[in-house]
>>> print(open('target_34.csv').read())   # CSV, C-alpha atoms and all ligand atoms
chain,number,residue,atom,x,y,z
C,77,MET,CA,8.6,170.1,36.3
C,78,THR,CA,7.3,167.4,33.9
C,79,LEU,CA,5.2,164.4,34.8
C,80,ALA,CA,8.1,162.1,33.8
C,81,ALA,CA,10.5,163.9,36.1
C,82,THR,CA,8.2,163.6,39.2
C,83,GLU,CA,7.0,160.0,38.8
C,84,SER,CA,8.8,157.1,40.4
C,85,GLU,CA,10.2,154.1,38.5
C,86,PRO,CA,7.2,151.8,39.4
C,87,GLU,CA,4.8,154.6,38.3
C,88,ARG,CA,6.7,155.0,35.0
C,89,ILE,CA,6.5,151.2,34.4
C,90,ALA,CA,2.8,151.1,35.3
C,91,ARG,CA,2.1,154.0,32.9
C,92,GLY,CA,3.9,152.2,30.1
C,93,LEU,CA,2.1,149.0,30.8
C,94,ARG,CA,-1.3,150.7,30.8
C,95,HIS,CA,-0.5,152.1,27.3
C,96,ARG,CA,1.0,148.7,26.2
C,97,ASP,CA,4.2,150.5,25.4
C,98,VAL,CA,6.3,147.9,23.5
C,99,ALA,CA,9.4,150.0,23.7
C,100,LEU,CA,9.2,150.0,27.5
C,101,LEU,CA,8.6,146.2,27.4
C,102,GLN,CA,11.7,145.8,25.3
C,103,THR,CA,13.8,147.6,27.9
C,104,LEU,CA,12.3,145.5,30.7
C,105,VAL,CA,12.9,142.2,28.7
C,106,GLN,CA,16.6,143.1,28.5
C,107,GLN,CA,16.8,144.2,32.1
C,108,TYR,CA,15.0,141.1,33.6
C,109,GLN,CA,16.1,138.4,31.2
C,110,TYR,CA,18.7,136.8,33.4
C,111,ARG,CA,16.7,137.2,36.6
C,112,LEU,CA,13.7,135.5,35.1
C,113,VAL,CA,15.7,132.7,33.7
C,114,ARG,CA,17.4,132.2,37.1
C,115,TYR,CA,14.0,132.4,38.9
C,116,PHE,CA,12.4,129.7,36.6
C,117,ILE,CA,15.4,127.4,37.0
C,118,PHE,CA,15.2,127.7,40.8
C,119,LEU,CA,11.5,127.1,40.7
C,120,LEU,CA,11.4,124.2,38.2
C,121,GLY,CA,14.9,122.7,38.7
C,122,THR,CA,15.2,122.3,34.9
C,123,ARG,CA,16.4,124.4,32.0
C,124,ASP,CA,14.2,123.0,29.2
C,125,PRO,CA,11.0,125.0,29.4
C,126,VAL,CA,12.5,128.2,30.7
C,127,ASP,CA,12.9,130.2,27.5
C,128,ASP,CA,9.3,129.5,26.5
C,129,LEU,CA,8.1,130.5,30.0
C,130,VAL,CA,10.2,133.7,29.9
C,131,GLN,CA,8.5,134.6,26.6
C,132,GLU,CA,5.1,133.7,27.9
C,133,THR,CA,5.7,135.9,30.9
C,134,TRP,CA,6.3,139.0,28.8
C,135,LEU,CA,3.2,138.3,26.7
C,136,ARG,CA,1.2,138.0,29.9
C,137,VAL,CA,2.8,141.3,31.1
C,138,LEU,CA,1.7,142.9,27.8
C,139,GLU,CA,-1.9,141.5,28.1
C,140,ARG,CA,-2.4,142.1,31.8
C,141,GLY,CA,0.0,144.9,32.5
C,142,ARG,CA,-2.9,147.2,33.5
C,143,SER,CA,-3.3,145.3,36.7
C,144,TYR,CA,0.1,146.6,37.9
C,145,ASP,CA,-0.7,149.7,39.9
C,146,GLY,CA,2.8,151.1,40.2
C,147,GLU,CA,2.4,151.6,44.0
C,148,SER,CA,4.8,148.8,44.9
C,149,ARG,CA,8.0,147.6,43.3
C,150,PHE,CA,7.7,145.9,39.8
C,151,GLU,CA,9.7,142.8,40.7
C,152,PRO,CA,7.2,141.1,43.0
C,153,TRP,CA,4.5,141.6,40.5
C,154,LEU,CA,6.6,140.3,37.7
C,155,PHE,CA,7.7,137.2,39.6
C,156,ALA,CA,4.1,136.5,40.6
C,157,VAL,CA,3.1,136.5,36.9
C,158,ALA,CA,6.1,134.2,36.1
C,159,ARG,CA,5.1,131.9,39.0
C,160,ASN,CA,1.5,131.5,37.8
C,161,LEU,CA,2.8,130.4,34.4
C,162,ALA,CA,5.2,128.0,36.1
C,163,ILE,CA,2.3,126.5,38.0
C,164,ASP,CA,0.3,126.1,34.8
C,165,HIS,CA,3.3,124.4,33.3
C,166,THR,CA,3.8,122.0,36.1
C,167,ARG,CA,0.1,121.2,36.1
C,168,LYS,CA,0.1,120.6,32.4
C,169,HIS,CA,3.1,118.4,32.5
C,170,ARG,CA,2.3,116.7,35.9
C,171,LEU,CA,5.5,117.8,37.5
C,172,VAL,CA,6.2,118.4,41.2
C,173,SER,CA,3.6,120.8,42.6
C,174,LEU,CA,4.6,124.3,43.3
C,175,ASP,CA,1.4,125.3,45.0
C,176,SER,CA,1.3,122.5,47.6
C,177,ASP,CA,0.7,123.4,51.3
C,178,ASP,CA,3.5,123.1,53.9
C,179,ASN,CA,2.4,119.8,55.5
C,180,ASP,CA,5.3,117.9,54.2
C,181,GLU,CA,8.0,120.5,54.5
C,182,ARG,CA,10.0,118.6,57.0
C,183,GLU,CA,10.3,115.7,54.5
C,184,ALA,CA,11.1,118.1,51.7
C,185,VAL,CA,14.6,119.1,53.0
C,186,SER,CA,15.8,115.5,53.4
C,187,PHE,CA,18.2,114.4,50.6
C,188,SER,CA,17.8,111.4,48.4
C,189,PRO,CA,20.7,109.8,46.5
C,190,VAL,CA,22.4,112.2,44.1
C,191,SER,CA,21.5,111.8,40.4
C,192,GLY,CA,24.3,111.3,37.9
C,193,ALA,CA,23.0,113.7,35.3
C,194,ASP,CA,24.2,117.3,35.3
C,195,SER,CA,21.5,119.5,36.7
C,196,PRO,CA,21.2,123.1,35.7
C,197,PHE,CA,22.8,124.0,39.0
C,198,GLU,CA,25.8,121.8,38.4
C,199,GLN,CA,26.2,123.2,35.0
C,200,ALA,CA,26.0,126.8,36.3
C,201,ALA,CA,28.2,126.4,39.4
C,202,ARG,CA,31.2,128.7,39.0
C,203,SER,CA,32.7,128.5,42.5
C,204,GLU,CA,33.7,125.6,44.8
C,205,ASP,CA,30.9,126.4,47.3
C,206,ALA,CA,28.4,126.7,44.4
C,207,GLN,CA,29.5,123.2,43.3
C,208,HIS,CA,28.8,121.9,46.8
C,209,LEU,CA,25.4,123.5,46.8
C,210,ALA,CA,24.4,122.4,43.4
C,211,GLN,CA,23.4,118.8,44.4
C,212,SER,CA,21.4,120.1,47.5
C,213,LEU,CA,19.6,122.6,45.3
C,214,GLN,CA,18.6,120.0,42.8
C,215,LEU,CA,17.1,117.8,45.5
C,216,LEU,CA,15.5,120.6,47.5
C,217,GLN,CA,11.8,121.1,47.0
C,218,PRO,CA,10.9,123.9,44.6
C,219,VAL,CA,9.2,126.0,47.2
C,220,TYR,CA,12.4,126.2,49.3
C,221,ARG,CA,14.6,126.9,46.3
C,222,GLU,CA,12.2,129.6,45.3
C,223,ALA,CA,12.3,131.2,48.8
C,224,LEU,CA,16.1,131.2,48.7
C,225,VAL,CA,16.4,132.8,45.3
C,226,LEU,CA,13.8,135.5,46.0
C,227,ARG,CA,15.4,136.3,49.4
C,228,PHE,CA,19.1,136.0,48.7
C,229,GLN,CA,19.4,136.7,45.0
C,230,GLU,CA,16.5,139.0,44.3
C,231,GLU,CA,16.8,140.5,47.8
C,232,LEU,CA,13.0,140.8,48.2
C,233,SER,CA,11.6,141.5,51.6
C,234,LEU,CA,9.5,138.8,53.4
C,235,GLN,CA,6.4,140.8,52.6
C,236,GLU,CA,7.3,141.0,48.9
C,237,ILE,CA,8.1,137.2,48.7
C,238,SER,CA,4.8,136.6,50.5
C,239,GLN,CA,3.1,138.6,47.7
C,240,VAL,CA,4.8,136.6,45.0
C,241,VAL,CA,4.1,133.2,46.4
C,242,GLY,CA,0.7,133.9,47.8
C,243,ALA,CA,1.6,132.6,51.3
C,244,SER,CA,1.8,134.2,54.7
C,245,VAL,CA,5.0,135.9,55.9
C,246,SER,CA,5.4,133.1,58.5
C,247,THR,CA,5.2,130.4,55.8
C,248,VAL,CA,7.8,132.3,53.7
C,249,SER,CA,10.1,132.6,56.8
C,250,SER,CA,9.8,128.9,57.5
C,251,ARG,CA,10.6,128.1,53.9
C,252,ILE,CA,13.7,130.3,54.0
C,253,TYR,CA,14.9,128.7,57.3
C,254,ARG,CA,14.4,125.2,55.9
C,255,GLY,CA,16.1,126.0,52.7
C,256,LEU,CA,19.0,127.5,54.6
C,257,ALA,CA,19.2,124.5,56.8
C,258,ALA,CA,19.5,122.2,53.8
C,259,LEU,CA,22.3,124.4,52.3
C,260,ARG,CA,24.2,124.6,55.6
C,261,GLN,CA,24.0,120.8,55.9
C,262,GLN,CA,25.7,120.6,52.6
C,263,MET,CA,28.3,123.2,53.5
C,264,ASP,CA,29.5,121.7,56.7
C,265,GLY,CA,28.4,118.1,56.4
C,266,GLY,CA,25.7,118.4,59.0
C,267,ALA,CA,28.2,119.4,61.8
C,268,HIS,CA,25.9,122.2,63.1
C,269,ALA,CA,22.5,121.1,61.9
C,270,ASN,CA,19.4,122.4,63.8
Y,1,MET,CA,20.6,126.1,79.8
Y,2,GLN,CA,23.6,127.3,77.7
Y,3,THR,CA,22.4,125.0,74.8
Y,4,ASP,CA,19.0,126.6,74.8
Y,5,ARG,CA,20.7,130.0,74.6
Y,6,HIS,CA,22.7,128.8,71.6
Y,7,GLN,CA,19.7,127.4,69.9
Y,8,SER,CA,17.7,130.6,70.4
Y,9,ILE,CA,20.7,132.5,68.9
Y,10,CYS,CA,20.7,130.1,65.9
Y,11,LYS,CA,17.0,130.8,65.4
Y,12,LEU,CA,17.8,134.5,65.6
Y,13,ILE,CA,20.5,134.1,63.0
Y,14,ASP,CA,18.0,132.5,60.6
Y,15,LYS,CA,15.5,135.3,61.3
Y,16,SER,CA,18.2,137.9,60.8
Y,17,LEU,CA,19.2,136.4,57.4
Y,18,ALA,CA,15.6,136.3,56.4
Y,19,GLY,CA,15.3,140.0,57.2
Y,20,ASP,CA,12.9,139.5,60.1
Y,21,VAL,CA,14.6,140.9,63.2
Y,22,SER,CA,14.3,144.2,65.1
Y,23,SER,CA,17.4,146.4,65.6
Y,24,GLN,CA,17.4,145.4,69.3
Y,25,GLU,CA,17.5,141.7,68.4
Y,26,GLU,CA,20.2,142.4,65.8
Y,27,LYS,CA,22.3,144.2,68.4
Y,28,SER,CA,22.0,141.3,70.9
Y,29,LEU,CA,22.9,138.8,68.2
Y,30,ARG,CA,26.0,140.7,67.2
Y,31,GLN,CA,27.1,140.8,70.9
Y,32,HIS,CA,26.6,137.1,71.3
Y,33,LEU,CA,28.5,136.3,68.1
Y,34,LEU,CA,31.5,138.2,69.4
Y,35,ALA,CA,31.7,135.9,72.4
Y,36,CYS,CA,30.5,132.5,71.2
Y,37,ALA,CA,32.5,130.4,68.7
Y,38,ALA,CA,29.8,127.8,68.1
Y,39,CYS,CA,27.1,130.4,67.1
Y,40,LYS,CA,29.8,132.3,65.1
Y,41,GLN,CA,30.4,129.1,63.2
Y,42,TYR,CA,26.7,128.7,62.5
Y,43,TRP,CA,26.6,132.4,61.3
Y,44,ASP,CA,29.7,131.9,59.1
Y,45,THR,CA,28.4,128.7,57.5
Y,46,SER,CA,25.0,130.3,56.8
Y,47,ASN,CA,26.7,133.3,55.2
Y,48,ARG,CA,29.0,131.0,53.2
Y,49,ALA,CA,25.9,129.1,51.9
Y,50,ILE,CA,24.2,132.4,50.9
Y,51,ALA,CA,27.4,133.6,49.2
Y,52,GLY,CA,27.6,130.2,47.5
Y,53,LEU,CA,24.2,130.9,45.9
Y,54,LYS,CA,25.8,133.9,44.2
Y,55,GLY,CA,28.3,131.5,42.6
Y,56,PHE,CA,25.9,130.3,39.9
Y,57,ALA,CA,25.9,131.8,36.5
Y,58,PHE,CA,23.2,130.5,34.3
Y,59,GLU,CA,23.6,130.7,30.5
Y,60,THR,CA,21.0,132.7,28.6
Y,61,ASP,CA,20.1,132.5,24.9
Y,62,PRO,CA,21.4,135.7,23.3
Y,63,ASN,CA,18.6,135.3,20.6
Y,64,LEU,CA,15.8,135.1,23.2
Y,65,PRO,CA,15.2,138.9,23.6
Y,66,GLY,CA,14.9,139.2,19.8
Y,67,LYS,CA,12.3,136.4,19.7
Y,68,ILE,CA,10.4,138.0,22.6
Y,69,PHE,CA,10.4,141.4,20.9
Y,70,ALA,CA,8.9,139.9,17.7
Y,71,ALA,CA,6.2,138.0,19.8
Y,72,LEU,CA,5.4,141.2,21.7
Y,73,THR,CA,5.1,143.3,18.6
Y,74,LEU,CA,2.8,140.7,17.0
Y,75,ARG,CA,0.6,140.3,20.1
Y,76,ALA,CA,0.4,144.1,20.6
Y,77,ALA,CA,-0.9,144.4,17.0
Y,78,GLN,CA,-3.5,141.7,17.7
Y,79,LEU,CA,-4.6,143.4,20.9
Y,80,GLU,CA,-4.9,146.7,19.1
Y,81,THR,CA,-7.1,145.2,16.4
Y,82,GLN,CA,-9.3,143.4,18.9
Y,83,GLN,CA,-9.7,146.6,20.9
Y,84,LEU,CA,-10.5,148.5,17.7
Y,85,SER,CA,-13.1,146.0,16.7
Y,86,HIS,CA,-14.7,146.1,20.1
Y,87,ARG,CA,-14.9,149.9,19.9
Y,88,GLN,CA,-16.4,149.7,16.4
Y,89,LEU,CA,-18.9,147.1,17.7
Y,90,ALA,CA,-20.0,149.3,20.6
Y,91,TRP,CA,-20.5,152.3,18.3
Y,92,SER,CA,-22.4,150.1,15.8
Y,93,TYR,CA,-24.8,149.1,18.6
Y,94,VAL,CA,-25.4,152.7,19.5
Y,95,ALA,CA,-26.0,153.7,15.9
Y,96,ALA,CA,-28.4,150.8,15.4
Y,97,LEU,CA,-30.3,151.7,18.5
Y,98,VAL,CA,-30.6,155.4,17.6
Y,99,LEU,CA,-31.7,154.5,14.0
Y,100,THR,CA,-34.4,152.1,15.3
Y,101,LEU,CA,-35.7,154.6,17.9
Y,102,ALA,CA,-35.6,157.5,15.4
Y,103,GLY,CA,-37.4,155.3,12.8
Y,104,SER,CA,-40.1,154.2,15.2
Y,105,PHE,CA,-40.6,157.8,16.4
Y,106,ALA,CA,-40.9,159.0,12.8
Y,107,ALA,CA,-43.4,156.2,11.9
Y,108,MET,CA,-45.5,156.9,15.0
Y,109,GLN,CA,-45.4,160.7,15.3
Y,110,LEU,CA,-44.7,162.1,11.8
Y,111,GLY,CA,-46.7,159.7,9.6
Y,112,ASP,CA,-49.5,162.1,8.8
Y,113,ARG,CA,-47.0,164.9,7.8
Y,114,PHE,CA,-45.1,162.6,5.5
Y,115,ALA,CA,-48.4,161.3,4.1
Y,116,SER,CA,-49.5,164.8,3.0
Y,117,ALA,CA,-46.0,165.7,1.7
Y,118,PHE,CA,-45.8,162.6,-0.5
Y,119,SER,CA,-49.6,162.5,-1.3
Y,120,ALA,CA,-49.9,159.1,0.2
Y,121,SER,CA,-51.9,157.5,2.9
Y,122,GLN,CA,-50.6,157.4,6.5
Y,123,GLN,CA,-50.5,153.6,6.3
Y,124,GLN,CA,-48.4,153.7,3.2
Y,125,VAL,CA,-45.9,156.1,4.8
Y,126,GLN,CA,-45.7,153.9,7.9
Y,127,LEU,CA,-45.1,150.8,5.7
Y,128,GLY,CA,-42.4,152.7,3.8
Y,129,LEU,CA,-40.6,153.7,6.9
Y,130,ILE,CA,-40.8,150.1,8.2
Y,131,ALA,CA,-39.3,148.8,4.9
Y,132,ILE,CA,-36.5,151.3,4.4
Y,133,TRP,CA,-35.7,152.3,7.9
Y,134,ILE,CA,-36.8,150.0,10.7
Y,135,VAL,CA,-36.3,146.6,9.0
Y,136,PRO,CA,-32.6,147.5,7.9
Y,137,SER,CA,-31.7,148.8,11.4
Y,138,VAL,CA,-33.3,145.7,13.1
Y,139,CYS,CA,-31.3,143.5,10.6
Y,140,PHE,CA,-28.2,145.4,11.4
Y,141,CYS,CA,-28.8,144.8,15.1
Y,142,LEU,CA,-29.2,141.1,14.5
Y,143,LEU,CA,-26.1,140.9,12.4
Y,144,LEU,CA,-23.9,142.7,14.9
Y,145,PRO,CA,-23.1,139.6,17.1
Y,146,THR,CA,-21.4,138.1,14.0
Y,147,LEU,CA,-18.9,141.0,13.7
Y,148,PRO,CA,-16.3,139.6,16.1
Y,149,LEU,CA,-16.4,136.3,14.2
Y,150,MET,CA,-15.8,138.2,11.0
Y,151,SER,CA,-13.0,140.2,12.6
Y,152,LYS,CA,-11.3,136.9,13.7
Y,153,ARG,CA,-11.6,135.5,10.2
Y,154,ARG,CA,-9.9,138.7,8.9
Y,155,LEU,CA,-7.1,138.3,11.4
Y,156,HIS,CA,-6.7,134.7,10.3
Y,157,ALA,CA,-6.6,135.7,6.7
Y,158,LYS,CA,-3.8,138.1,7.5
Y,159,GLY,CA,-1.9,135.2,9.0
Y,160,LEU,CA,-2.2,136.4,12.6
Y,161,PRO,CA,-2.9,133.6,15.2
Y,162,LEU,CA,-6.3,133.9,16.9
B,301,ZN,ZN,26.2,130.7,71.2
>>> encode(input="target_34.csv", output="structure tokens")
Amino acid sequence: MTLAATESEPERIARGLRHRDVALLQTLVQQYQYRLVRYFIFLLGTRDPVDDLVQETWLRVLERGRSYDGESRFEPWLFAVARNLAIDHTRKHRLVSLDSDDNDEREAVSFSPVSGADSPFEQAARSEDAQHLAQSLQLLQPVYREALVLRFQEELSLQEISQVVGASVSTVSSRIYRGLAALRQQMDGGAHAN
Amino acid sequence: MQTDRHQSICKLIDKSLAGDVSSQEEKSLRQHLLACAACKQYWDTSNRAIAGLKGFAFETDPNLPGKIFAALTLRAAQLETQQLSHRQLAWSYVAALVLTLAGSFAAMQLGDRFASAFSASQQQVQLGLIAIWIVPSVCFCLLLPTLPLMSKRRLHAKGLPL
């Protein structure tokens, strides 16, 4: 039996990254393009810098791919790389902090008046419920949006999300609960809020 | 009392959706949901919200992967060149060190043998070794730190960003 036949998907990716295998990277770029775009939009709440950040992410993966050990899934590692670049971007452009602590989380789920401009969420909403949620998502703090996308769209476990965001599992849980509370509030007009 | 029970079930629903409940908790949650309309509504609204998240379709630039491939290929070439120049530098250091040590050894230990072979004085042989062997290798050692700079200039001349 060959090495390629016995190794797992994460091991195969780790081996390719160790050898800076551009062909492997090209496959990964295709495979993760939409998911990275979506992650950055949820994280930043804007579409503008996303394509540049996606490109930066893959260059960073090429340069630092040797630090991926292949023992855990590739996605948490990739999103952690992407997140660090988004943090650099927000610091450089003095945007809302993504690495703040949770002291003001209660305040973060309250809604302010809806902006008139089309947000990336409003533009991307394809269902009636998504249209309802678009406004809430735009106003929600980035850390809650991030927890929601990683849990319910990327379907990462709490431990994996904790690895991506560099926070404890209990902090991640709390962010998911608060994010969900905000969305529920929008879905039923606050009829069954916590 | 009943309200407390509902609230604890709502918390359990959140935990369940976050993927943080035991199978026992999940079982008791399911049982409660079968019998309680209020908590069932909370459960349904939560699931509708989660399903709503799947109702977004963000547009992607079809040209983006091509741009990324080009950037990756260029960067991979740069990294390869850098790695090569680091390897060359390391070998050059080793070569310079060996040359210096060998030259010094020859000057110290074999001076008299060279002197008789070339019909010269031991001092002349030592001076010759210093001039043609030790001084060049010492100069080579001194010049080595400038190699990365030269390599960067070469990259720049090729039009590759530093
Ligand atoms: Zn109940």
>>> residues_near_ligand(input="target_34.csv", ligand="ligand ZN 301 (chain B)", cutoff="10 Å", atoms="all atoms listed in the file", output="ChimeraX atom specification")
/Y:2-10,29,32-42
>>> interface_residues(input="target_34.csv", of="chain Y", to="chain C", cutoff="9 Å", atoms="all atoms listed in the file", output="JSON, numbers by chain")
{"Y": [7, 10, 11, 14, 15, 17, 18, 19, 20, 38, 41, 42, 45, 46, 48, 49, 50, 51, 52, 53, 54, 55, 56, 57, 58, 59, 60, 61, 64, 65, 67, 68, 69, 71, 72, 73, 75, 76, 79]}
>>> atom_distance(input="target_34.csv", atom1="atom CA of Asp194 of chain C", atom2="atom CA of Pro125 of chain C")
16.4 Å
>>> closest_residue(input="target_34.csv", among="C:Pro218, C:Trp153, C:Glu147, C:Leu129", to="His165 of chain C", atoms="all atoms listed in the file")
C:Leu129
>>> atom_distance(input="target_34.csv", atom1="atom CA of Ser143 of chain C", atom2="atom CA of Arg159 of chain C")
16.0 Å
>>> atom_distance(input="target_34.csv", atom1="atom CA of Leu12 of chain Y", atom2="atom CA of Glu25 of chain Y")
7.7 Å
>>> closest_residue(input="target_34.csv", among="Y:Gly103, Y:Ala115, Y:Trp43, Y:Gln24", to="Ala131 of chain Y", atoms="only C-alpha atoms")
Y:Gly103
>>> closest_residue(input="target_34.csv", among="C:Gly141, C:Gly121, C:Phe150, C:Arg167", to="Val219 of chain C", atoms="all atoms listed in the file")
C:Gly121
>>> closest_residue(input="target_34.csv", among="C:Tyr144, C:Tyr220, C:Tyr108, C:Phe116", to="Ile237 of chain C", atoms="all atoms listed in the file")
C:Tyr220
>>> residues_near_point(input="target_34.csv", point="(-49.6, 158.4, 5.1)", cutoff="6 Å", atoms="only C-alpha atoms", output="list in words")
Gly111, Asp112, Ala115, Ala120, Ser121, Gln122, Gln123, Gln124 and Val125 of chain Y
>>> residues_near_point(input="target_34.csv", point="(8.6, 152.4, 33.0)", cutoff="10 Å", atoms="all atoms listed in the file", output="list in words")
Ala80, Glu83, Ser84, Glu85, Pro86, Glu87, Arg88, Ile89, Ala90, Arg91, Gly92, Leu93, Asp97, Ala99, Leu100, Leu101, Thr103, Leu104, Gly146 and Phe150 of chain C
